[in-house]
Amino acid sequence: MFSITVRDHLMIAHSFRGEVFGPAQRLHGATFLVDATFRREQLDEDNIVVDIGLATKELGTVVGELNYRNLDDEPEFAGVNTSTEFLAKVVADRLAERIHKGALGEGARGLASLSVSLHESHIAWASYERDL
């Protein structure tokens with residue numbers, strides 16, 4: 001399996017519901033390093049996994065939709081604990097939607113899977129992987 005990874009970052013505010021979250025139940029900020037990894041079995045006719053420039057641009061667009069937002073105020077996240085794991089899935093699903101609409105070019109139609117990792121720090125991160 002071949003892969004490429006592109007990177008961006010995301011800054012949000014949010015709070016959690018539930019005793020398990022301790023002081024994070026209060027409003028707080030989070031900055032994530034965001035990695036999106038694209039995988040395919042065989043390289044395309046240009047011998048690439050996907051156009052790195054387009055992958056970087058589309059990840060930036062998806063991250064930009066969430067960046068500098070208080071997720072507690074976003075209607076689509078009402079009543080949801082926007083955990084790192086949950087947000088990794090949100091980013092992956094939005095990227096997958098863009099891939100299916102052709103935003104990464106025709107060559108991206110041969111992608112097998114996508115994974116997104118959100119790094120909370122240098123010692124902790126969460127990922128979500130999905131087929132395409």
# chains A, B, ... in the order shown; residues from 1 in each chain; ligands from 1
>>> residues_around(residues="Gly105 of chain A", least_positions_apart="6", cutoff="9 Å", atoms="only C-alpha atoms", output="MDAnalysis selection string")
chainID A and resid 50:51 54 99
>>> residues_around(residues="Thr31 of chain A", least_positions_apart="2", cutoff="9 Å", atoms="only C-alpha atoms", output="PyMOL selection string")
chain A and resi 9-13+29+33+119-121
>>> write_last_selection(atoms="N, CA, C and O atoms", output="CSV table (one decimal), in the first residue's frame")
chain,number,residue,atom,x,y,z
A,9,HIS,N,-3.1,22.7,10.6
A,9,HIS,CA,-3.4,22.8,12.1
A,9,HIS,C,-4.8,23.4,12.2
A,9,HIS,O,-5.3,24.0,11.3
A,10,LEU,N,-5.3,23.2,13.4
A,10,LEU,CA,-6.7,23.6,13.7
A,10,LEU,C,-6.7,24.1,15.2
A,10,LEU,O,-6.2,23.5,16.1
A,11,MET,N,-7.4,25.3,15.3
A,11,MET,CA,-7.5,25.9,16.6
A,11,MET,C,-9.0,26.1,16.9
A,11,MET,O,-9.7,26.8,16.1
A,12,ILE,N,-9.5,25.5,18.0
A,12,ILE,CA,-10.9,25.6,18.3
A,12,ILE,C,-11.1,25.9,19.8
A,12,ILE,O,-10.2,25.7,20.6
A,13,ALA,N,-12.3,26.2,20.2
A,13,ALA,CA,-12.7,26.2,21.6
A,13,ALA,C,-13.9,25.3,21.7
A,13,ALA,O,-14.7,25.1,20.7
A,29,GLY,N,-9.7,26.0,25.1
A,29,GLY,CA,-9.2,26.0,23.7
A,29,GLY,C,-8.3,24.7,23.5
A,29,GLY,O,-7.8,24.1,24.4
A,33,LEU,N,-2.6,19.6,15.6
A,33,LEU,CA,-1.8,19.3,14.4
A,33,LEU,C,-2.6,18.3,13.6
A,33,LEU,O,-3.0,17.2,14.2
A,119,HIS,N,-3.4,15.6,16.5
A,119,HIS,CA,-2.4,15.5,17.5
A,119,HIS,C,-2.7,16.6,18.5
A,119,HIS,O,-2.6,17.8,18.2
A,120,GLU,N,-3.1,16.2,19.8
A,120,GLU,CA,-3.3,17.2,20.8
A,120,GLU,C,-2.0,17.7,21.4
A,120,GLU,O,-2.0,18.9,21.9
A,121,SER,N,-1.0,16.9,21.4
A,121,SER,CA,0.3,17.3,21.9
A,121,SER,C,1.3,16.4,21.2
A,121,SER,O,1.0,15.5,20.4
>>> closest_residue(among="A:Phe16, A:Phe38, A:Tyr128, A:Phe77", to="Lys89 of chain A", atoms="only C-alpha atoms")
A:Tyr128
>>> select_by_dssp(residues="chain A", states="strand (DSSP E or B)", output="number ranges by chain")
A: 2-14, 28-40, 69-70, 113-119, 125-131
>>> closest_residue(among="A:Thr84, A:Arg40, A:Val62, A:Glu45", to="Leu132 of chain A", atoms="only C-alpha atoms")
A:Arg40
>>> closest_residue(among="A:Gln25, A:His100, A:Ser83, A:Ala36", to="Lys57 of chain A", atoms="only C-alpha atoms")
A:Ala36
>>> residues_around(residues="Gln42 of chain A", least_positions_apart="6", cutoff="10 Å", atoms="only C-alpha atoms", output="NGL selection string")
:A and (1-3 or 48-49 or 110-112)
>>> select_by_dssp(residues="chain A", states="helix (DSSP H, G or I)", output="ChimeraX atom specification")
/A:19-25,52-64,71-73,75-77,84-100,106-110
